[in-house]
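See below for query_17.cif, which holds mmCIF, C-alpha atoms.
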data_start
#
loop_
_atom_site.group_PDB
_atom_site.id
_atom_site.type_symbol
_atom_site.label_atom_id
_atom_site.label_comp_id
_atom_site.auth_asym_id
_atom_site.auth_seq_id
_atom_site.Cartn_x
_atom_site.Cartn_y
_atom_site.Cartn_z
ATOM 1 C CA LEU A 1 0.000 0.000 0.000
ATOM 2 C CA GLN A 2 2.873 2.347 0.811
ATOM 3 C CA ARG A 3 4.310 2.134 -2.712
ATOM 4 C CA THR A 4 0.861 2.602 -4.223
ATOM 5 C CA LYS A 5 0.325 5.786 -2.217
ATOM 6 C CA LEU A 6 3.785 7.000 -3.211
ATOM 7 C CA MET A 7 3.038 6.448 -6.899
ATOM 8 C CA MET A 8 -0.341 8.205 -6.600
ATOM 9 C CA LEU A 9 1.330 11.249 -5.027
ATOM 10 C CA LEU A 10 3.986 11.257 -7.729
ATOM 11 C CA LEU A 11 1.276 11.167 -10.409
ATOM 12 C CA LEU A 12 -0.474 14.123 -8.769
ATOM 13 C CA THR A 13 2.679 16.251 -8.490
ATOM 14 C CA LEU A 14 4.202 15.756 -11.937
ATOM 15 C CA ARG A 15 3.380 18.205 -14.685
ATOM 16 C CA GLY A 16 0.351 17.411 -16.826
ATOM 17 C CA THR A 17 -3.151 16.153 -16.330
ATOM 18 C CA PRO A 18 -3.253 13.138 -14.004
ATOM 19 C CA PHE A 19 -5.393 10.238 -15.175
ATOM 20 C CA ILE A 20 -6.682 7.926 -12.470
ATOM 21 C CA TYR A 21 -7.968 4.736 -14.026
ATOM 22 C CA GLN A 22 -10.832 2.748 -12.508
ATOM 23 C CA GLY A 23 -9.577 1.117 -9.332
ATOM 24 C CA ASP A 24 -6.364 3.142 -8.956
ATOM 25 C CA GLU A 25 -8.007 5.181 -6.201
ATOM 26 C CA LEU A 26 -8.724 1.925 -4.335
ATOM 27 C CA GLY A 27 -5.262 0.461 -4.894
ATOM 28 C CA LEU A 28 -6.691 -2.553 -6.708
ATOM 29 C CA PRO A 29 -4.096 -5.075 -7.864
ATOM 30 C CA HIS A 30 -4.267 -6.251 -11.469
ATOM 31 C CA ALA A 31 -7.075 -8.826 -11.446
ATOM 32 C CA GLU A 32 -6.374 -12.440 -12.185
ATOM 33 C CA VAL A 33 -8.672 -13.582 -14.990
ATOM 34 C CA PRO A 34 -8.777 -17.306 -15.800
ATOM 35 C CA PHE A 35 -7.927 -18.159 -19.406
ATOM 36 C CA GLU A 36 -11.469 -19.361 -20.140
ATOM 37 C CA ARG A 37 -12.861 -15.938 -19.116
ATOM 38 C CA LEU A 38 -10.391 -13.790 -21.100
ATOM 39 C CA ARG A 39 -11.906 -11.427 -23.670
ATOM 40 C CA ASP A 40 -8.822 -9.459 -24.713
ATOM 41 C CA PRO A 41 -7.470 -10.833 -28.034
ATOM 42 C CA GLU A 42 -3.928 -9.860 -27.030
ATOM 43 C CA ALA A 43 -4.157 -11.723 -23.720
ATOM 44 C CA ILE A 44 -5.535 -14.803 -25.449
ATOM 45 C CA ALA A 45 -2.870 -14.718 -28.169
ATOM 46 C CA PHE A 46 0.041 -14.385 -25.746
ATOM 47 C CA TRP A 47 -1.277 -16.664 -22.979
ATOM 48 C CA PRO A 48 0.403 -17.452 -20.574
ATOM 49 C CA ASN A 49 3.287 -15.060 -21.307
ATOM 50 C CA GLY A 50 1.323 -11.822 -21.103
ATOM 51 C CA ILE A 51 -1.195 -10.399 -18.696
ATOM 52 C CA GLY A 52 -3.294 -8.528 -21.260
ATOM 53 C CA ARG A 53 -5.755 -5.794 -20.466
ATOM 54 C CA ASP A 54 -8.673 -7.742 -18.996
ATOM 55 C CA GLY A 55 -7.224 -7.621 -15.469
ATOM 56 C CA ALA A 56 -7.684 -3.841 -15.501
ATOM 57 C CA ARG A 57 -11.244 -4.089 -16.845
ATOM 58 C CA THR A 58 -12.930 -6.237 -14.227
ATOM 59 C CA PRO A 59 -15.949 -5.043 -12.203
ATOM 60 C CA MET A 60 -15.398 -2.111 -9.880
ATOM 61 C CA PRO A 61 -15.928 -3.219 -6.249
ATOM 62 C CA TRP A 62 -18.342 -0.759 -4.671
ATOM 63 C CA ARG A 63 -19.731 -2.847 -1.801
ATOM 64 C CA ARG A 64 -17.774 -5.762 -0.317
ATOM 65 C CA ASP A 65 -20.743 -7.939 0.605
ATOM 66 C CA ALA A 66 -23.034 -7.211 -2.353
ATOM 67 C CA ASN A 67 -23.580 -9.411 -5.362
ATOM 68 C CA MET A 68 -20.673 -8.810 -7.760
ATOM 69 C CA ALA A 69 -19.410 -6.305 -5.139
ATOM 70 C CA GLY A 70 -22.197 -3.894 -6.108
ATOM 71 C CA PHE A 71 -21.079 -3.598 -9.723
ATOM 72 C CA THR A 72 -24.231 -5.215 -11.102
ATOM 73 C CA ASP A 73 -27.358 -7.010 -9.897
ATOM 74 C CA ALA A 74 -26.775 -9.671 -12.547
ATOM 75 C CA PRO A 75 -25.330 -12.989 -11.367
ATOM 76 C CA ASP A 76 -22.164 -12.390 -13.401
ATOM 77 C CA ALA A 77 -20.484 -9.735 -15.543
ATOM 78 C CA TRP A 78 -18.615 -9.813 -18.831
ATOM 79 C CA LEU A 79 -15.404 -10.299 -16.845
ATOM 80 C CA PRO A 80 -15.209 -11.963 -13.423
ATOM 81 C CA LEU A 81 -14.756 -10.173 -10.124
ATOM 82 C CA ASP A 82 -11.345 -10.881 -8.615
ATOM 83 C CA PRO A 83 -12.081 -12.138 -5.067
ATOM 84 C CA ARG A 84 -9.141 -10.078 -3.721
ATOM 85 C CA HIS A 85 -10.958 -6.905 -4.761
ATOM 86 C CA ARG A 86 -13.844 -7.400 -2.287
ATOM 87 C CA ALA A 87 -11.620 -6.493 0.674
ATOM 88 C CA LEU A 88 -10.662 -3.257 -1.115
ATOM 89 C CA ALA A 89 -14.231 -2.230 -1.997
ATOM 90 C CA ALA A 90 -15.137 1.451 -1.755
ATOM 91 C CA ASP A 91 -17.487 0.915 1.196
ATOM 92 C CA VAL A 92 -14.712 -0.801 3.190
ATOM 93 C CA GLN A 93 -12.194 1.955 2.482
ATOM 94 C CA GLU A 94 -14.669 4.768 3.092
ATOM 95 C CA THR A 95 -14.400 4.358 6.873
ATOM 96 C CA ASP A 96 -10.669 3.604 7.042
ATOM 97 C CA ARG A 97 -8.727 6.861 7.435
ATOM 98 C CA ALA A 98 -5.499 5.129 6.299
ATOM 99 C CA SER A 99 -7.074 3.584 3.179
ATOM 100 C CA MET A 100 -5.900 4.198 -0.355
ATOM 101 C CA LEU A 101 -9.266 5.773 -1.205
ATOM 102 C CA ASN A 102 -9.003 8.350 1.574
ATOM 103 C CA PHE A 103 -5.344 9.016 0.796
ATOM 104 C CA THR A 104 -6.265 9.647 -2.852
ATOM 105 C CA ARG A 105 -9.018 12.033 -1.804
ATOM 106 C CA GLU A 106 -6.634 13.924 0.496
ATOM 107 C CA ALA A 107 -3.917 14.103 -2.167
ATOM 108 C CA LEU A 108 -6.390 15.349 -4.789
ATOM 109 C CA ALA A 109 -7.749 17.980 -2.381
ATOM 110 C CA PHE A 110 -4.194 19.101 -1.614
ATOM 111 C CA ARG A 111 -3.378 19.341 -5.344
ATOM 112 C CA LYS A 112 -6.459 21.512 -5.886
ATOM 113 C CA THR A 113 -5.127 24.051 -3.360
ATOM 114 C CA SER A 114 -1.860 24.489 -5.249
ATOM 115 C CA GLU A 115 -1.677 26.398 -8.507
ATOM 116 C CA ALA A 116 1.957 25.280 -8.809
ATOM 117 C CA LEU A 117 0.934 21.606 -8.774
ATOM 118 C CA ARG A 118 -2.007 22.114 -11.126
ATOM 119 C CA VAL A 119 -0.458 24.294 -13.830
ATOM 120 C CA GLY A 120 3.035 25.261 -12.709
ATOM 121 C CA ASP A 121 6.406 24.859 -14.332
ATOM 122 C CA PHE A 122 8.631 21.872 -13.569
ATOM 123 C CA ILE A 123 12.221 22.358 -12.406
ATOM 124 C CA ALA A 124 14.322 19.240 -11.812
ATOM 125 C CA ARG A 125 16.504 19.332 -8.708
ATOM 126 C CA GLU A 126 19.815 17.564 -8.261
ATOM 127 C CA ALA A 127 19.363 14.317 -6.340
ATOM 128 C CA ALA A 128 21.192 11.013 -6.022
ATOM 129 C CA GLU A 129 19.257 7.830 -6.719
ATOM 130 C CA PRO A 130 16.849 6.658 -5.439
ATOM 131 C CA ILE A 131 15.707 10.220 -4.607
ATOM 132 C CA LEU A 132 13.614 12.124 -7.128
ATOM 133 C CA ALA A 133 13.342 15.850 -6.395
ATOM 134 C CA PHE A 134 11.762 18.674 -8.332
ATOM 135 C CA GLU A 135 10.093 22.038 -7.875
ATOM 136 C CA ARG A 136 6.778 23.138 -9.261
ATOM 137 C CA THR A 137 6.321 26.894 -9.615
ATOM 138 C CA ALA A 138 3.483 29.238 -10.546
ATOM 139 C CA GLY A 139 3.667 32.960 -9.889
ATOM 140 C CA GLU A 140 5.027 33.410 -6.360
ATOM 141 C CA GLU A 141 4.220 29.836 -5.316
ATOM 142 C CA ARG A 142 7.121 27.385 -5.224
ATOM 143 C CA VAL A 143 6.653 23.808 -4.096
ATOM 144 C CA LEU A 144 9.470 21.318 -3.505
ATOM 145 C CA CYS A 145 8.554 17.660 -4.096
ATOM 146 C CA ILE A 146 10.927 14.980 -2.767
ATOM 147 C CA PHE A 147 10.389 11.242 -3.328
ATOM 148 C CA ASN A 148 12.383 8.317 -1.958
ATOM 149 C CA LEU A 149 11.785 5.610 -4.562
ATOM 150 C CA GLY A 150 14.088 3.156 -2.790
ATOM 151 C CA ASP A 151 13.687 0.473 -0.171
ATOM 152 C CA ALA A 152 16.022 2.085 2.389
ATOM 153 C CA PRO A 153 15.754 5.346 4.370
ATOM 154 C CA ALA A 154 17.401 8.397 2.829
ATOM 155 C CA THR A 155 17.880 12.109 3.440
ATOM 156 C CA TYR A 156 17.802 15.100 1.119
ATOM 157 C CA ASP A 157 19.243 18.585 1.564
ATOM 158 C CA ALA A 158 16.127 20.720 1.705
ATOM 159 C CA ALA A 159 17.685 24.002 2.819
ATOM 160 C CA SER A 160 15.281 25.962 0.605
ATOM 161 C CA ALA A 161 12.211 24.334 2.178
ATOM 162 C CA LYS A 162 10.181 26.462 4.562
ATOM 163 C CA LEU A 163 7.116 24.462 5.565
ATOM 164 C CA GLN A 164 6.101 20.830 5.128
ATOM 165 C CA LEU A 165 2.746 20.775 3.340
ATOM 166 C CA PHE A 166 2.015 17.102 2.641
ATOM 167 C CA SER A 167 3.733 13.766 3.141
ATOM 168 C CA VAL A 168 3.358 10.038 2.760
ATOM 169 C CA GLY A 169 5.200 7.200 4.452
ATOM 170 C CA GLY A 170 6.401 9.162 7.456
ATOM 171 C CA ALA A 171 8.636 11.605 5.550
ATOM 172 C CA THR A 172 9.464 14.695 7.598
ATOM 173 C CA LEU A 173 11.204 18.021 7.177
ATOM 174 C CA ASN A 174 13.825 18.519 9.916
ATOM 175 C CA VAL A 175 15.373 21.987 9.812
ATOM 176 C CA GLU A 176 17.218 21.853 6.450
ATOM 177 C CA ARG A 177 16.988 18.120 5.741
ATOM 178 C CA ALA A 178 14.189 15.890 4.575
ATOM 179 C CA ALA A 179 14.138 12.525 6.346
ATOM 180 C CA LEU A 180 12.634 9.990 3.981
ATOM 181 C CA PRO A 181 11.844 6.435 5.068
ATOM 182 C CA ALA A 182 11.698 3.813 2.309
ATOM 183 C CA TYR A 183 9.040 4.585 -0.318
ATOM 184 C CA SER A 184 8.071 7.941 1.142
ATOM 185 C CA ALA A 185 7.676 11.508 -0.057
ATOM 186 C CA LEU A 186 7.122 15.018 1.139
ATOM 187 C CA ILE A 187 6.032 18.277 -0.367
ATOM 188 C CA ALA A 188 7.201 21.575 1.111
ATOM 189 C CA SER A 189 6.847 25.250 0.302
ATOM 190 C CA THR A 190 10.077 27.057 -0.642
#

Final structure tokens representation of the file:
Amino acid sequence: LQRTKLMMLLLLTLRGTPFIYQGDELGLPHAEVPFERLRDPEAIAFWPNGIGRDGARTPMPWRRDANMAGFTDAPDAWLPLDPRHRALAADVQETDRASMLNFTREALAFRKTSEALRVGDFIAREAAEPILAFERTAGEERVLCIFNLGDAPATYDAASAKLQLFSVGGATLNVERAALPAYSALIAST
């Protein structure tokens, strides 16, 4: 879940229009579709060496305990419901403050408050791997975005940062340094 949240925040801070595909906001894994239920010609042709597109086209799980997870009242759909998706249904995540759905909502709301993140310029910052750092700027607003894409804790010289605005994975701004646990990120004003 941590990596999924990190990738969602990265998507929402990069320049351009973010596209959130059905299920991304719930953190749904690619569905497993049995060969006999595949509909995608590519998946059928390359079976079993390719995953195809059907795993991203399965029913959206709205309600964990409903028939077909609330996607349809019919006994079945064109593609099957992956049983793993029931536990990640929207109604389950709605009440869980730490869920992917609520994180996505918070990250989208944060993005809406920042002109720099919505329409600003992109300025790459020097950073050693696995850190990705960049600024987004619009008018007087400058936002520093720092991502630890690695599996070990890291730090980043954030002397220009003034105030931590948003974070994921326990990342914190400590005086002039960003402390970044594995797969974490923070956004700060500069």

Expand the PyMOL selection byres ((chain A and resi 182) around 10) into the individual residues it matches in the shown file, reporting them as a PDB file with C-alpha atoms, keeping the file's coordinate frame.
ATOM      1  CA  GLN A   2       2.873   2.347   0.811  1.00  0.00           C
ATOM      2  CA  ARG A   3       4.310   2.134  -2.712  1.00  0.00           C
ATOM      3  CA  PRO A 130      16.849   6.658  -5.439  1.00  0.00           C
ATOM      4  CA  PHE A 147      10.389  11.242  -3.328  1.00  0.00           C
ATOM      5  CA  ASN A 148      12.383   8.317  -1.958  1.00  0.00           C
ATOM      6  CA  LEU A 149      11.785   5.610  -4.562  1.00  0.00           C
ATOM      7  CA  GLY A 150      14.088   3.156  -2.790  1.00  0.00           C
ATOM      8  CA  ASP A 151      13.687   0.473  -0.171  1.00  0.00           C
ATOM      9  CA  ALA A 152      16.022   2.085   2.389  1.00  0.00           C
ATOM     10  CA  PRO A 153      15.754   5.346   4.370  1.00  0.00           C
ATOM     11  CA  ALA A 154      17.401   8.397   2.829  1.00  0.00           C
ATOM     12  CA  GLY A 169       5.200   7.200   4.452  1.00  0.00           C
ATOM     13  CA  GLY A 170       6.401   9.162   7.456  1.00  0.00           C
ATOM     14  CA  ALA A 171       8.636  11.605   5.550  1.00  0.00           C
ATOM     15  CA  ALA A 179      14.138  12.525   6.346  1.00  0.00           C
ATOM     16  CA  LEU A 180      12.634   9.990   3.981  1.00  0.00           C
ATOM     17  CA  PRO A 181      11.844   6.435   5.068  1.00  0.00           C
ATOM     18  CA  TYR A 183       9.040   4.585  -0.318  1.00  0.00           C
ATOM     19  CA  SER A 184       8.071   7.941   1.142  1.00  0.00           C
ATOM     20  CA  ALA A 185       7.676  11.508  -0.057  1.00  0.00           C
TER      21      ALA A 185
END

Mind running region 72-183 of chain A against region 4-12 of chain A at 7 Å and telling me each contacting residue's nearest atom pair with the distance in Å (one decimal), counting all atoms listed in the file, chain and number ascending, as CSV?
residue,atom,partner,partner_atom,distance
A:Met100,CA,A:Lys5,CA,6.7
A:Ala107,CA,A:Leu9,CA,6.6
A:Arg111,CA,A:Leu12,CA,6.9
A:Val168,CA,A:Leu6,CA,6.7
A:Tyr183,CA,A:Leu6,CA,6.5

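Among A:Val175, A:Arg15, A:Leu1, A:Arg64, the residue with the shortest atom-to-atom distance to Asp121 (chain A), counting all atoms listed in the file, is A:Arg15.
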
Worksheet item: Taking the file as shown, what set of residues would the PyMOL selection byres ((chain A and resi 40) around 8) give back, as a PyMOL selection string?
Response: chain A and resi 38-39+41-44+52-54

Practice prompt. Using CA of His85 (chain A) and CA of His30 (chain A) as the two end points, give the distance in Å to one decimal.
Written response: 9.5 Å

Discussion item. From the options A:Leu79, A:Leu26, A:Leu117, A:Ile51, which residue's atoms come nearest to Gln93 (chain A), counting all atoms listed in the file?
Written reply: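 For Gln93 (chain A), the nearest of the candidates is A:Leu26.
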
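When only C-alpha atoms are used to compute distances to Gly55 (chain A), the closest of the residues A:Gln22, A:Thr190, A:Thr104, A:Thr17 turns out to be A:Gln22.
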
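Distance check against Leu88 (chain A) using only C-alpha atoms: of A:Trp62, A:Phe110, A:Phe166, A:Phe19, the minimum falls on A:Trp62.
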
Worksheet item: What is the CA of Asp82 (chain A) to CA of Leu108 (chain A) distance in Å?
Response: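 Between CA of Asp82 (chain A) and CA of Leu108 (chain A) the gap works out to 27.0 Å.
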
Worksheet item: So what do you get for CA of Ala178 (chain A) versus CA of Tyr156 (chain A), distance-wise?
Response: 5.1 Å

Item to complete: With the file shown as input, list the residues that the PyMOL selection byres ((chain A and resi 158) around 8) selects, as a PyMOL selection string.
Response: chain A and resi 156-157+159-161+173+176-178
